[in-house]
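Listing of protein25.cif; format and content: mmCIF, C-alpha atoms and all ligand atoms; chains and numbers go by the auth columns.
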data_my_file
#
loop_
_atom_site.group_PDB
_atom_site.id
_atom_site.type_symbol
_atom_site.label_atom_id
_atom_site.label_comp_id
_atom_site.label_asym_id
_atom_site.label_seq_id
_atom_site.Cartn_x
_atom_site.Cartn_y
_atom_site.Cartn_z
_atom_site.B_iso_or_equiv
_atom_site.auth_seq_id
_atom_site.auth_asym_id
ATOM 1 C CA MET A 1 -0.565 -50.073 83.322 0.00 1 D
ATOM 2 C CA SER A 2 -3.682 -51.165 81.466 0.00 2 D
ATOM 3 C CA GLU A 3 -5.798 -48.567 83.292 0.00 3 D
ATOM 4 C CA ASN A 4 -3.789 -45.829 81.597 0.00 4 D
ATOM 5 C CA LEU A 5 -4.702 -47.042 78.150 0.00 5 D
ATOM 6 C CA PRO A 6 -7.519 -45.108 76.494 0.00 6 D
ATOM 7 C CA PHE A 7 -9.202 -48.272 75.227 0.00 7 D
ATOM 8 C CA SER A 8 -8.837 -51.972 75.849 0.00 8 D
ATOM 9 C CA PRO A 9 -6.207 -53.404 73.437 0.00 9 D
ATOM 10 C CA PRO A 10 -8.585 -55.028 70.874 0.00 10 D
ATOM 11 C CA PHE A 11 -10.663 -51.852 70.616 0.00 11 D
ATOM 12 C CA GLN A 12 -7.576 -49.709 70.479 0.00 12 D
ATOM 13 C CA ARG A 13 -6.289 -51.781 67.570 0.00 13 D
ATOM 14 C CA LEU A 14 -9.650 -51.504 65.789 0.00 14 D
ATOM 15 C CA ARG A 15 -9.698 -47.783 66.412 0.00 15 D
ATOM 16 C CA GLN A 16 -6.164 -47.420 64.993 0.00 16 D
ATOM 17 C CA LEU A 17 -7.192 -49.346 61.898 0.00 17 D
ATOM 18 C CA ALA A 18 -10.314 -47.209 61.483 0.00 18 D
ATOM 19 C CA LEU A 19 -8.257 -44.026 61.859 0.00 19 D
ATOM 20 C CA ALA A 20 -5.674 -45.288 59.362 0.00 20 D
ATOM 21 C CA ALA A 21 -8.475 -46.023 56.885 0.00 21 D
ATOM 22 C CA LEU A 22 -9.885 -42.534 57.426 0.00 22 D
ATOM 23 C CA ASP A 23 -6.437 -40.971 56.992 0.00 23 D
ATOM 24 C CA ALA A 24 -6.158 -42.711 53.631 0.00 24 D
ATOM 25 C CA LEU A 25 -9.511 -41.303 52.524 0.00 25 D
ATOM 26 C CA LEU A 26 -9.392 -37.809 53.972 0.00 26 D
ATOM 27 C CA PRO A 27 -6.691 -35.193 53.503 0.00 27 D
ATOM 28 C CA PRO A 28 -4.667 -34.531 56.688 0.00 28 D
ATOM 29 C CA ARG A 29 -5.675 -31.420 58.613 0.00 29 D
ATOM 30 C CA CYS A 30 -3.792 -29.066 60.927 0.00 30 D
ATOM 31 C CA LEU A 31 -4.422 -30.034 64.573 0.00 31 D
ATOM 32 C CA GLY A 32 -5.003 -26.398 65.456 0.00 32 D
ATOM 33 C CA SER A 33 -6.718 -24.631 62.560 0.00 33 D
ATOM 34 C CA GLY A 34 -8.273 -27.615 60.787 0.00 34 D
ATOM 35 C CA LYS A 35 -6.808 -26.430 57.462 0.00 35 D
ATOM 36 C CA ILE A 36 -5.563 -29.051 54.996 0.00 36 D
ATOM 37 C CA VAL A 37 -1.822 -29.769 55.354 0.00 37 D
ATOM 38 C CA ASP A 38 0.696 -31.936 53.477 0.00 38 D
ATOM 39 C CA ALA A 39 1.128 -34.702 56.040 0.00 39 D
ATOM 40 C CA PRO A 40 -0.636 -36.038 59.152 0.00 40 D
ATOM 41 C CA GLY A 41 0.465 -34.295 62.357 0.00 41 D
ATOM 42 C CA MET A 42 1.637 -31.150 60.540 0.00 42 D
ATOM 43 C CA LEU A 43 0.494 -27.678 61.574 0.00 43 D
ATOM 44 C CA ASP A 44 -0.300 -25.034 58.988 0.00 44 D
ATOM 45 C CA ALA A 45 2.057 -22.065 58.787 0.00 45 D
ATOM 46 C CA GLY A 46 -0.450 -19.604 60.258 0.00 46 D
ATOM 47 C CA PHE A 47 -1.175 -21.703 63.332 0.00 47 D
ATOM 48 C CA TRP A 48 2.507 -22.582 63.742 0.00 48 D
ATOM 49 C CA GLY A 49 3.254 -18.846 63.914 0.00 49 D
ATOM 50 C CA GLU A 50 0.881 -18.499 66.873 0.00 50 D
ATOM 51 C CA LEU A 51 2.878 -20.986 68.954 0.00 51 D
ATOM 52 C CA ALA A 52 5.657 -19.554 71.110 0.00 52 D
ATOM 53 C CA PHE A 53 8.473 -22.053 71.628 0.00 53 D
ATOM 54 C CA VAL A 54 10.371 -21.525 74.858 0.00 54 D
ATOM 55 C CA SER A 55 13.881 -20.270 74.225 0.00 55 D
ATOM 56 C CA ALA A 56 16.798 -18.786 76.172 0.00 56 D
ATOM 57 C CA PRO A 57 17.174 -16.812 78.337 0.00 57 D
ATOM 58 C CA ALA A 58 15.262 -18.787 80.972 0.00 58 D
ATOM 59 C CA CYS A 59 15.524 -19.601 84.692 0.00 59 D
ATOM 60 C CA VAL A 60 18.202 -22.275 85.007 0.00 60 D
ATOM 61 C CA CYS A 61 16.006 -24.181 87.488 0.00 61 D
ATOM 62 C CA CYS A 62 12.314 -23.957 86.529 0.00 62 D
ATOM 63 C CA GLY A 63 12.786 -22.908 82.898 0.00 63 D
ATOM 64 C CA LEU A 64 10.638 -19.758 83.147 0.00 64 D
ATOM 65 C CA PRO A 65 11.598 -17.693 80.104 0.00 65 D
ATOM 66 C CA PHE A 66 12.894 -14.179 80.797 0.00 66 D
ATOM 67 C CA SER A 67 11.809 -11.315 78.586 0.00 67 D
ATOM 68 C CA PHE A 68 15.150 -9.579 79.137 0.00 68 D
ATOM 69 C CA ALA A 69 18.813 -10.536 78.939 0.00 69 D
ATOM 70 C CA VAL A 70 20.237 -12.121 82.119 0.00 70 D
ATOM 71 C CA ALA A 71 23.568 -13.608 83.146 0.00 71 D
ATOM 72 C CA GLU A 72 23.941 -17.313 82.403 0.00 72 D
ATOM 73 C CA GLY A 73 22.759 -19.489 85.297 0.00 73 D
ATOM 74 C CA SER A 74 20.233 -16.937 86.596 0.00 74 D
ATOM 75 C CA LEU A 75 17.263 -17.968 88.723 0.00 75 D
ATOM 76 C CA CYS A 76 13.786 -16.427 88.535 0.00 76 D
ATOM 77 C CA ALA A 77 12.295 -14.629 91.550 0.00 77 D
ATOM 78 C CA ALA A 78 10.073 -17.612 92.499 0.00 78 D
ATOM 79 C CA CYS A 79 13.033 -20.046 92.570 0.00 79 D
ATOM 80 C CA ILE A 80 15.127 -17.597 94.616 0.00 80 D
ATOM 81 C CA ASP A 81 12.209 -17.130 97.019 0.00 81 D
ATOM 82 C CA SER A 82 11.614 -20.850 97.460 0.00 82 D
ATOM 83 C CA ALA A 83 13.783 -23.501 95.804 0.00 83 D
ATOM 84 C CA PRO A 84 11.586 -26.111 94.068 0.00 84 D
ATOM 85 C CA GLU A 85 11.762 -29.777 95.053 0.00 85 D
ATOM 86 C CA PHE A 86 12.604 -30.709 91.450 0.00 86 D
ATOM 87 C CA ASP A 87 16.088 -30.061 90.133 0.00 87 D
ATOM 88 C CA LYS A 88 15.169 -28.750 86.727 0.00 88 D
ATOM 89 C CA ALA A 89 12.020 -28.119 84.670 0.00 89 D
ATOM 90 C CA ARG A 90 11.736 -27.408 80.969 0.00 90 D
ATOM 91 C CA ALA A 91 8.762 -26.871 78.667 0.00 91 D
ATOM 92 C CA ALA A 92 8.379 -26.880 74.901 0.00 92 D
ATOM 93 C CA VAL A 93 5.977 -23.988 74.371 0.00 93 D
ATOM 94 C CA VAL A 94 4.507 -21.039 76.254 0.00 94 D
ATOM 95 C CA TYR A 95 0.906 -21.676 77.344 0.00 95 D
ATOM 96 C CA ASN A 96 -0.987 -19.248 75.115 0.00 96 D
ATOM 97 C CA ASP A 97 -4.252 -19.394 73.146 0.00 97 D
ATOM 98 C CA ALA A 98 -2.760 -21.642 70.449 0.00 98 D
ATOM 99 C CA SER A 99 -1.063 -24.182 72.749 0.00 99 D
ATOM 100 C CA ARG A 100 -4.083 -24.167 75.078 0.00 100 D
ATOM 101 C CA GLN A 101 -6.289 -25.201 72.155 0.00 101 D
ATOM 102 C CA LEU A 102 -3.916 -28.017 71.133 0.00 102 D
ATOM 103 C CA ILE A 103 -3.735 -29.336 74.695 0.00 103 D
ATOM 104 C CA LEU A 104 -7.493 -29.150 75.357 0.00 104 D
ATOM 105 C CA ASP A 105 -8.180 -30.991 72.085 0.00 105 D
ATOM 106 C CA PHE A 106 -5.584 -33.587 73.071 0.00 106 D
ATOM 107 C CA LYS A 107 -7.002 -34.077 76.580 0.00 107 D
ATOM 108 C CA TYR A 108 -10.725 -33.766 76.002 0.00 108 D
ATOM 109 C CA GLY A 109 -11.185 -33.930 72.235 0.00 109 D
ATOM 110 C CA ASP A 110 -9.847 -37.421 71.654 0.00 110 D
ATOM 111 C CA LYS A 111 -6.966 -36.146 69.471 0.00 111 D
ATOM 112 C CA LEU A 112 -4.553 -38.680 70.907 0.00 112 D
ATOM 113 C CA HIS A 113 -2.575 -38.749 67.657 0.00 113 D
ATOM 114 C CA ALA A 114 -1.345 -35.250 68.591 0.00 114 D
ATOM 115 C CA VAL A 115 1.321 -37.091 70.631 0.00 115 D
ATOM 116 C CA ASP A 116 3.208 -37.623 67.352 0.00 116 D
ATOM 117 C CA THR A 117 3.298 -33.858 66.802 0.00 117 D
ATOM 118 C CA PHE A 118 4.309 -33.135 70.406 0.00 118 D
ATOM 119 C CA LEU A 119 7.073 -35.744 70.623 0.00 119 D
ATOM 120 C CA PRO A 120 9.783 -33.835 68.691 0.00 120 D
ATOM 121 C CA TRP A 121 8.965 -30.676 70.687 0.00 121 D
ATOM 122 C CA LEU A 122 9.404 -32.557 73.976 0.00 122 D
ATOM 123 C CA ARG A 123 12.563 -34.245 72.709 0.00 123 D
ATOM 124 C CA ARG A 124 14.072 -30.849 71.885 0.00 124 D
ATOM 125 C CA ALA A 125 12.942 -29.085 75.076 0.00 125 D
ATOM 126 C CA GLY A 126 14.093 -31.953 77.278 0.00 126 D
ATOM 127 C CA ALA A 127 17.286 -32.904 75.420 0.00 127 D
ATOM 128 C CA GLU A 128 19.684 -31.806 78.160 0.00 128 D
ATOM 129 C CA MET A 129 17.661 -33.448 80.960 0.00 129 D
ATOM 130 C CA LEU A 130 16.969 -36.617 78.950 0.00 130 D
ATOM 131 C CA ALA A 131 20.711 -37.174 78.574 0.00 131 D
ATOM 132 C CA ASP A 132 20.896 -37.393 82.396 0.00 132 D
ATOM 133 C CA THR A 133 17.665 -39.342 83.002 0.00 133 D
ATOM 134 C CA ASP A 134 17.557 -42.953 84.219 0.00 134 D
ATOM 135 C CA LEU A 135 13.826 -43.443 84.537 0.00 135 D
ATOM 136 C CA MET A 136 10.526 -41.906 83.386 0.00 136 D
ATOM 137 C CA ILE A 137 7.395 -41.658 85.550 0.00 137 D
ATOM 138 C CA PRO A 138 4.053 -40.055 84.606 0.00 138 D
ATOM 139 C CA VAL A 139 2.012 -37.777 86.878 0.00 139 D
ATOM 140 C CA PRO A 140 -0.983 -39.909 87.909 0.00 140 D
ATOM 141 C CA LEU A 141 -4.634 -39.001 87.543 0.00 141 D
ATOM 142 C CA HIS A 142 -7.070 -39.873 90.288 0.00 142 D
ATOM 143 C CA ARG A 143 -9.149 -42.940 89.360 0.00 143 D
ATOM 144 C CA ARG A 144 -12.311 -40.828 89.219 0.00 144 D
ATOM 145 C CA ARG A 145 -10.786 -38.448 86.685 0.00 145 D
ATOM 146 C CA LEU A 146 -9.218 -41.324 84.755 0.00 146 D
ATOM 147 C CA TRP A 147 -12.668 -42.861 84.470 0.00 147 D
ATOM 148 C CA GLN A 148 -14.175 -39.563 83.247 0.00 148 D
ATOM 149 C CA ARG A 149 -11.397 -38.860 80.771 0.00 149 D
ATOM 150 C CA ARG A 150 -10.580 -42.479 79.831 0.00 150 D
ATOM 151 C CA PHE A 151 -6.844 -41.868 79.571 0.00 151 D
ATOM 152 C CA ASN A 152 -4.028 -40.133 81.403 0.00 152 D
ATOM 153 C CA GLN A 153 -2.420 -37.567 79.115 0.00 153 D
ATOM 154 C CA SER A 154 0.733 -37.540 81.216 0.00 154 D
ATOM 155 C CA ALA A 155 1.113 -41.322 80.855 0.00 155 D
ATOM 156 C CA LEU A 156 0.609 -41.064 77.103 0.00 156 D
ATOM 157 C CA LEU A 157 3.327 -38.405 76.744 0.00 157 D
ATOM 158 C CA THR A 158 5.687 -40.232 79.106 0.00 158 D
ATOM 159 C CA ARG A 159 5.363 -43.507 77.254 0.00 159 D
ATOM 160 C CA ALA A 160 5.939 -41.799 73.900 0.00 160 D
ATOM 161 C CA ILE A 161 9.218 -40.282 75.128 0.00 161 D
ATOM 162 C CA ALA A 162 10.280 -43.512 76.832 0.00 162 D
ATOM 163 C CA ARG A 163 9.686 -45.443 73.620 0.00 163 D
ATOM 164 C CA ASP A 164 11.525 -42.818 71.589 0.00 164 D
ATOM 165 C CA THR A 165 14.569 -42.636 73.852 0.00 165 D
ATOM 166 C CA GLY A 166 14.623 -46.252 75.043 0.00 166 D
ATOM 167 C CA LEU A 167 14.492 -45.081 78.678 0.00 167 D
ATOM 168 C CA PRO A 168 12.634 -47.310 81.127 0.00 168 D
ATOM 169 C CA CYS A 169 9.211 -46.134 82.255 0.00 169 D
ATOM 170 C CA LEU A 170 7.452 -46.997 85.518 0.00 170 D
ATOM 171 C CA PRO A 171 3.840 -46.079 84.654 0.00 171 D
ATOM 172 C CA ASP A 172 2.364 -46.788 88.102 0.00 172 D
ATOM 173 C CA ALA A 173 5.254 -45.693 90.319 0.00 173 D
ATOM 174 C CA LEU A 174 3.359 -42.600 91.504 0.00 174 D
ATOM 175 C CA CYS A 175 -0.250 -42.906 92.628 0.00 175 D
ATOM 176 C CA ARG A 176 -2.879 -40.481 93.865 0.00 176 D
ATOM 177 C CA LYS A 177 -3.836 -41.112 97.445 0.00 177 D
ATOM 178 C CA ARG A 178 -6.803 -38.759 97.291 0.00 178 D
ATOM 179 C CA HIS A 179 -8.797 -36.694 94.866 0.00 179 D
ATOM 180 C CA THR A 180 -7.739 -33.012 94.739 0.00 180 D
ATOM 181 C CA VAL A 181 -10.047 -30.149 93.810 0.00 181 D
ATOM 182 C CA PRO A 182 -9.117 -28.477 90.495 0.00 182 D
ATOM 183 C CA GLN A 183 -6.292 -25.979 91.019 0.00 183 D
ATOM 184 C CA LYS A 184 -7.909 -23.306 88.868 0.00 184 D
ATOM 185 C CA GLY A 185 -8.784 -20.201 90.847 0.00 185 D
ATOM 186 C CA LEU A 186 -6.588 -21.123 93.825 0.00 186 D
ATOM 187 C CA SER A 187 -3.725 -18.903 94.981 0.00 187 D
ATOM 188 C CA ARG A 188 -0.153 -20.189 94.848 0.00 188 D
ATOM 189 C CA SER A 189 -0.142 -21.186 98.545 0.00 189 D
ATOM 190 C CA GLU A 190 -3.610 -22.760 98.282 0.00 190 D
ATOM 191 C CA ARG A 191 -2.388 -24.849 95.350 0.00 191 D
ATOM 192 C CA HIS A 192 0.542 -26.166 97.356 0.00 192 D
ATOM 193 C CA LEU A 193 -1.776 -27.053 100.270 0.00 193 D
ATOM 194 C CA ASN A 194 -4.299 -28.668 97.910 0.00 194 D
ATOM 195 C CA VAL A 195 -1.779 -31.188 96.572 0.00 195 D
ATOM 196 C CA ARG A 196 0.219 -31.703 99.773 0.00 196 D
ATOM 197 C CA GLY A 197 0.129 -35.415 100.642 0.00 197 D
ATOM 198 C CA ALA A 198 -1.967 -36.256 97.570 0.00 198 D
ATOM 199 C CA PHE A 199 0.637 -38.591 96.055 0.00 199 D
ATOM 200 C CA ALA A 200 2.495 -41.691 97.121 0.00 200 D
ATOM 201 C CA VAL A 201 5.152 -43.949 95.654 0.00 201 D
ATOM 202 C CA ASN A 202 3.901 -47.424 94.847 0.00 202 D
ATOM 203 C CA PRO A 203 5.813 -49.670 97.329 0.00 203 D
ATOM 204 C CA ARG A 204 6.329 -52.200 94.532 0.00 204 D
ATOM 205 C CA ASP A 205 8.403 -49.650 92.553 0.00 205 D
ATOM 206 C CA ALA A 206 10.143 -47.903 95.460 0.00 206 D
ATOM 207 C CA GLY A 207 13.316 -49.982 95.133 0.00 207 D
ATOM 208 C CA GLN A 208 13.754 -48.947 91.510 0.00 208 D
ATOM 209 C CA ILE A 209 13.604 -45.221 92.287 0.00 209 D
ATOM 210 C CA LYS A 210 16.318 -45.137 94.948 0.00 210 D
ATOM 211 C CA GLY A 211 19.424 -43.380 93.659 0.00 211 D
ATOM 212 C CA LYS A 212 17.926 -42.805 90.198 0.00 212 D
ATOM 213 C CA ARG A 213 17.550 -39.623 88.165 0.00 213 D
ATOM 214 C CA VAL A 214 13.853 -39.505 87.442 0.00 214 D
ATOM 215 C CA MET A 215 11.917 -37.491 84.866 0.00 215 D
ATOM 216 C CA ILE A 216 8.242 -36.690 85.340 0.00 216 D
ATOM 217 C CA VAL A 217 6.180 -35.526 82.380 0.00 217 D
ATOM 218 C CA ASP A 218 2.934 -33.571 82.180 0.00 218 D
ATOM 219 C CA ASP A 219 0.974 -31.447 79.723 0.00 219 D
ATOM 220 C CA VAL A 220 1.145 -28.037 81.428 0.00 220 D
ATOM 221 C CA PHE A 221 3.376 -26.468 84.068 0.00 221 D
ATOM 222 C CA THR A 222 0.986 -24.006 85.704 0.00 222 D
ATOM 223 C CA SER A 223 2.087 -22.962 89.198 0.00 223 D
ATOM 224 C CA GLY A 224 4.257 -26.086 89.426 0.00 224 D
ATOM 225 C CA ALA A 225 2.524 -27.126 92.688 0.00 225 D
ATOM 226 C CA THR A 226 1.534 -30.634 91.520 0.00 226 D
ATOM 227 C CA LEU A 227 4.882 -31.323 89.852 0.00 227 D
ATOM 228 C CA ASN A 228 6.693 -29.983 92.902 0.00 228 D
ATOM 229 C CA GLU A 229 4.735 -32.317 95.192 0.00 229 D
ATOM 230 C CA CYS A 230 5.465 -35.302 92.932 0.00 230 D
ATOM 231 C CA ALA A 231 9.155 -34.370 93.038 0.00 231 D
ATOM 232 C CA ARG A 232 9.053 -34.102 96.841 0.00 232 D
ATOM 233 C CA ILE A 233 7.579 -37.598 97.147 0.00 233 D
ATOM 234 C CA LEU A 234 10.080 -39.069 94.665 0.00 234 D
ATOM 235 C CA LYS A 235 12.996 -37.446 96.522 0.00 235 D
ATOM 236 C CA LYS A 236 11.607 -38.816 99.783 0.00 236 D
ATOM 237 C CA ALA A 237 11.658 -42.256 98.133 0.00 237 D
ATOM 238 C CA GLY A 238 15.357 -41.757 97.392 0.00 238 D
ATOM 239 C CA ALA A 239 15.411 -40.332 93.840 0.00 239 D
ATOM 240 C CA ALA A 240 18.814 -38.720 93.283 0.00 240 D
ATOM 241 C CA GLU A 241 17.425 -36.017 90.969 0.00 241 D
ATOM 242 C CA VAL A 242 13.990 -35.163 89.613 0.00 242 D
ATOM 243 C CA PHE A 243 13.473 -33.473 86.247 0.00 243 D
ATOM 244 C CA VAL A 244 10.176 -32.093 84.959 0.00 244 D
ATOM 245 C CA LEU A 245 9.282 -31.956 81.291 0.00 245 D
ATOM 246 C CA THR A 246 6.016 -30.387 80.119 0.00 246 D
ATOM 247 C CA LEU A 247 4.511 -29.532 76.797 0.00 247 D
ATOM 248 C CA ALA A 248 3.561 -26.021 77.847 0.00 248 D
ATOM 249 C CA ARG A 249 4.461 -23.509 80.539 0.00 249 D
ATOM 250 C CA VAL A 250 2.311 -20.753 82.030 0.00 250 D
ATOM 251 C CA THR A 251 4.580 -17.729 82.074 0.00 251 D
ATOM 252 C CA ARG A 252 2.392 -15.211 83.863 0.00 252 D
ATOM 253 C CA GLU A 253 0.877 -15.195 87.352 0.00 253 D
ATOM 254 C CA GLU A 254 -2.548 -15.712 85.804 0.00 254 D
ATOM 255 C CA PHE A 255 -3.731 -19.239 86.233 0.00 255 D
HETATM 256 ZN ZN ZN B . 12.651 -20.423 88.261 0.00 301 J
#
Please express what this file holds, its structure, as structure tokens.
Ligand SMILES: [Zn+2]
Amino acid sequence: MSENLPFSPPFQRLRQLALAALDALLPPRCLGSGKIVDAPGMLDAGFWGELAFVSAPACVCCGLPFSFAVAEGSLCAACIDSAPEFDKARAAVVYNDASRQLILDFKYGDKLHAVDTFLPWLRRAGAEMLADTDLMIPVPLHRRRLWQRRFNQSALLTRAIARDTGLPCLPDALCRKRHTVPQKGLSRSERHLNVRGAFAVNPRDAGQIKGKRVMIVDDVFTSGATLNECARILKKAGAAEVFVLTLARVTREEF
């Protein structure tokens, strides 16, 4: 679990204290626009307006929002074509310029405190699934990428929700067996092949997954290939149901 922490505990504590001291001295700023706001973690009204929160109607399985009215319980074309391995996926916001900026700053810009802003969005988007969840598991990063980035954004989000809901979290239950090339630029079928066999269930945790309803959490649902593969492996290990909760969702076929 310690490898998922951005800093070793003493340094993390020092860093938190330094940030708290800075917060006391500097006015809080919007995570997106940098404009001064009333409280830490708040977004200014202009930037807030650029975010598109996912709302009904949406595919009952993968959560893809529809731009037209559909009958309740409708599936999108992709889910009809090929049923995903996960049972249900939901996302808080549409992946657009504004949410992309927030997520890139969170992942690469050291804005880890953005988790506090994202938590209520995830809680709302995942409310229905969370009520049926027994166990939370993050999507793992390969060690090489973890070393480059210093923390796993999926683990950070998962732990925040687990703490908030009181649900148990198995931070190392899924592991990467091999490094995968970045999915960007690959076609849908290439993405599925790229991640096929890339994950495994940690034998130590396998017994705790059997028969459980598991939720996996990540920052962005792009083609769903990685999340689908994680779900396949968890189902193979005996998970009764697998839910997917992400901060953002790509809604067009442009990755
Ligand atoms: Zn769908």
Using 12 Å as the limit and counting all atoms listed in the file, can you tabulate each residue of chain D that touches ligand ZN 301 (chain J), with its shortest atom-to-atom distance in Å and the two atoms involved, as JSON lines?
{"residue": "D:Pro57", "atom": "CA", "partner": "J:ZN301", "partner_atom": "ZN", "distance": 11.5}
{"residue": "D:Ala58", "atom": "CA", "partner": "J:ZN301", "partner_atom": "ZN", "distance": 7.9}
{"residue": "D:Cys59", "atom": "CA", "partner": "J:ZN301", "partner_atom": "ZN", "distance": 4.7}
{"residue": "D:Val60", "atom": "CA", "partner": "J:ZN301", "partner_atom": "ZN", "distance": 6.7}
{"residue": "D:Cys61", "atom": "CA", "partner": "J:ZN301", "partner_atom": "ZN", "distance": 5.1}
{"residue": "D:Cys62", "atom": "CA", "partner": "J:ZN301", "partner_atom": "ZN", "distance": 4.0}
{"residue": "D:Gly63", "atom": "CA", "partner": "J:ZN301", "partner_atom": "ZN", "distance": 5.9}
{"residue": "D:Leu64", "atom": "CA", "partner": "J:ZN301", "partner_atom": "ZN", "distance": 5.5}
{"residue": "D:Pro65", "atom": "CA", "partner": "J:ZN301", "partner_atom": "ZN", "distance": 8.7}
{"residue": "D:Phe66", "atom": "CA", "partner": "J:ZN301", "partner_atom": "ZN", "distance": 9.7}
{"residue": "D:Gly73", "atom": "CA", "partner": "J:ZN301", "partner_atom": "ZN", "distance": 10.6}
{"residue": "D:Ser74", "atom": "CA", "partner": "J:ZN301", "partner_atom": "ZN", "distance": 8.5}
{"residue": "D:Leu75", "atom": "CA", "partner": "J:ZN301", "partner_atom": "ZN", "distance": 5.2}
{"residue": "D:Cys76", "atom": "CA", "partner": "J:ZN301", "partner_atom": "ZN", "distance": 4.2}
{"residue": "D:Ala77", "atom": "CA", "partner": "J:ZN301", "partner_atom": "ZN", "distance": 6.7}
{"residue": "D:Ala78", "atom": "CA", "partner": "J:ZN301", "partner_atom": "ZN", "distance": 5.7}
{"residue": "D:Cys79", "atom": "CA", "partner": "J:ZN301", "partner_atom": "ZN", "distance": 4.3}
{"residue": "D:Ile80", "atom": "CA", "partner": "J:ZN301", "partner_atom": "ZN", "distance": 7.4}
{"residue": "D:Asp81", "atom": "CA", "partner": "J:ZN301", "partner_atom": "ZN", "distance": 9.4}
{"residue": "D:Ser82", "atom": "CA", "partner": "J:ZN301", "partner_atom": "ZN", "distance": 9.3}
{"residue": "D:Ala83", "atom": "CA", "partner": "J:ZN301", "partner_atom": "ZN", "distance": 8.2}
{"residue": "D:Pro84", "atom": "CA", "partner": "J:ZN301", "partner_atom": "ZN", "distance": 8.2}
{"residue": "D:Glu85", "atom": "CA", "partner": "J:ZN301", "partner_atom": "ZN", "distance": 11.6}
{"residue": "D:Phe86", "atom": "CA", "partner": "J:ZN301", "partner_atom": "ZN", "distance": 10.8}
{"residue": "D:Asp87", "atom": "CA", "partner": "J:ZN301", "partner_atom": "ZN", "distance": 10.4}
{"residue": "D:Lys88", "atom": "CA", "partner": "J:ZN301", "partner_atom": "ZN", "distance": 8.8}
{"residue": "D:Ala89", "atom": "CA", "partner": "J:ZN301", "partner_atom": "ZN", "distance": 8.5}
{"residue": "D:Arg90", "atom": "CA", "partner": "J:ZN301", "partner_atom": "ZN", "distance": 10.1}
{"residue": "D:Phe221", "atom": "CA", "partner": "J:ZN301", "partner_atom": "ZN", "distance": 11.8}
{"residue": "D:Ser223", "atom": "CA", "partner": "J:ZN301", "partner_atom": "ZN", "distance": 10.9}
{"residue": "D:Gly224", "atom": "CA", "partner": "J:ZN301", "partner_atom": "ZN", "distance": 10.2}
{"residue": "D:Arg249", "atom": "CA", "partner": "J:ZN301", "partner_atom": "ZN", "distance": 11.7}
{"residue": "D:Thr251", "atom": "CA", "partner": "J:ZN301", "partner_atom": "ZN", "distance": 10.5}
Using all atoms listed in the file, which of the listed residues (D:Ala225, D:Leu51, D:Leu31, D:Cys169) sits closest to Ser187 of chain D?
->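 Ranked by minimum distance to Ser187 of chain D, first place goes to D:Ala225.
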Wanna dump the segment 115-217 of chain D-segment 37-50 of chain D contacts at 10 Å for me, each residue with its shortest atom pair and the distance in Å to one decimal, counting only C-alpha atoms, ordered by chain and number, as CSV?
residue,atom,partner,partner_atom,distance
D:Val115,CA,D:Gly41,CA,8.8
D:Asp116,CA,D:Gly41,CA,6.6
D:Thr117,CA,D:Gly41,CA,5.3
D:Phe118,CA,D:Gly41,CA,9.0
Suppose we keep C-alpha atoms; can you now write the selection as an mmCIF file, in the frame of the given file?
data_model
loop_
_atom_site.group_PDB
_atom_site.id
_atom_site.type_symbol
_atom_site.label_atom_id
_atom_site.label_comp_id
_atom_site.auth_asym_id
_atom_site.auth_seq_id
_atom_site.Cartn_x
_atom_site.Cartn_y
_atom_site.Cartn_z
ATOM 1 C CA VAL D 115 1.321 -37.091 70.631
ATOM 2 C CA ASP D 116 3.208 -37.623 67.352
ATOM 3 C CA THR D 117 3.298 -33.858 66.802
ATOM 4 C CA PHE D 118 4.309 -33.135 70.406
#
Resolved residues for the PyMOL selection byres (((chain D and resi 235-238) around 8) and not hetatm) as a PyMOL selection string | chain D and resi 85+201+206+209-212+231-234+239-242
One residue among D:Arg252, D:Arg178, D:Ser33, D:Ala125 is nearest to Ser67 of chain D when using only C-alpha atoms, and that residue is D:Arg252
Please indicate the distance in Å from atom CA of Leu193 of chain D to atom CA of Lys177 of chain D, rounded to one decimal place.
->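 Atom CA of Lys177 of chain D lies 14.5 Å from atom CA of Leu193 of chain D.
Of the residues under consideration (D:Phe53, D:Arg204, D:Leu112, D:Ser154), D:Phe53 shows the shortest atom-to-atom contact distance to Ala98 of chain D when counting all atoms listed in the file.
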Asp205 of chain D surroundings by only C-alpha atoms, 9 Å radius, close-in-sequence under 3 positions cut, as number ranges by chain = D: 170, 172-174, 201-202, 208-209
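Nearest to Arg176 of chain D of all the residues D:Thr226, D:Ile216, D:Lys107, D:Leu156 is D:Thr226, counting all atoms listed in the file.
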Tell me, in Å to one decimal, how far atom CA of Val214 of chain D is from atom CA of Ile137 of chain D.
->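 Separation of atom CA of Val214 of chain D and atom CA of Ile137 of chain D: 7.1 Å.
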Given the point (-2.7, -40.6, 62.0) in the file's coordinates, find the residues that have an atom at most 10 Å from it, counting only C-alpha atoms, and give them as an mmCIF file with C-alpha atoms, keeping the file's coordinate frame.
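Final output, saved to selection_26.cif:
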data_model
loop_
_atom_site.group_PDB
_atom_site.id
_atom_site.type_symbol
_atom_site.label_atom_id
_atom_site.label_comp_id
_atom_site.auth_asym_id
_atom_site.auth_seq_id
_atom_site.Cartn_x
_atom_site.Cartn_y
_atom_site.Cartn_z
ATOM 1 C CA GLN D 16 -6.164 -47.420 64.993
ATOM 2 C CA LEU D 17 -7.192 -49.346 61.898
ATOM 3 C CA LEU D 19 -8.257 -44.026 61.859
ATOM 4 C CA ALA D 20 -5.674 -45.288 59.362
ATOM 5 C CA ALA D 21 -8.475 -46.023 56.885
ATOM 6 C CA LEU D 22 -9.885 -42.534 57.426
ATOM 7 C CA ASP D 23 -6.437 -40.971 56.992
ATOM 8 C CA ALA D 24 -6.158 -42.711 53.631
ATOM 9 C CA PRO D 28 -4.667 -34.531 56.688
ATOM 10 C CA ALA D 39 1.128 -34.702 56.040
ATOM 11 C CA PRO D 40 -0.636 -36.038 59.152
ATOM 12 C CA GLY D 41 0.465 -34.295 62.357
ATOM 13 C CA LYS D 111 -6.966 -36.146 69.471
ATOM 14 C CA LEU D 112 -4.553 -38.680 70.907
ATOM 15 C CA HIS D 113 -2.575 -38.749 67.657
ATOM 16 C CA ALA D 114 -1.345 -35.250 68.591
ATOM 17 C CA ASP D 116 3.208 -37.623 67.352
#
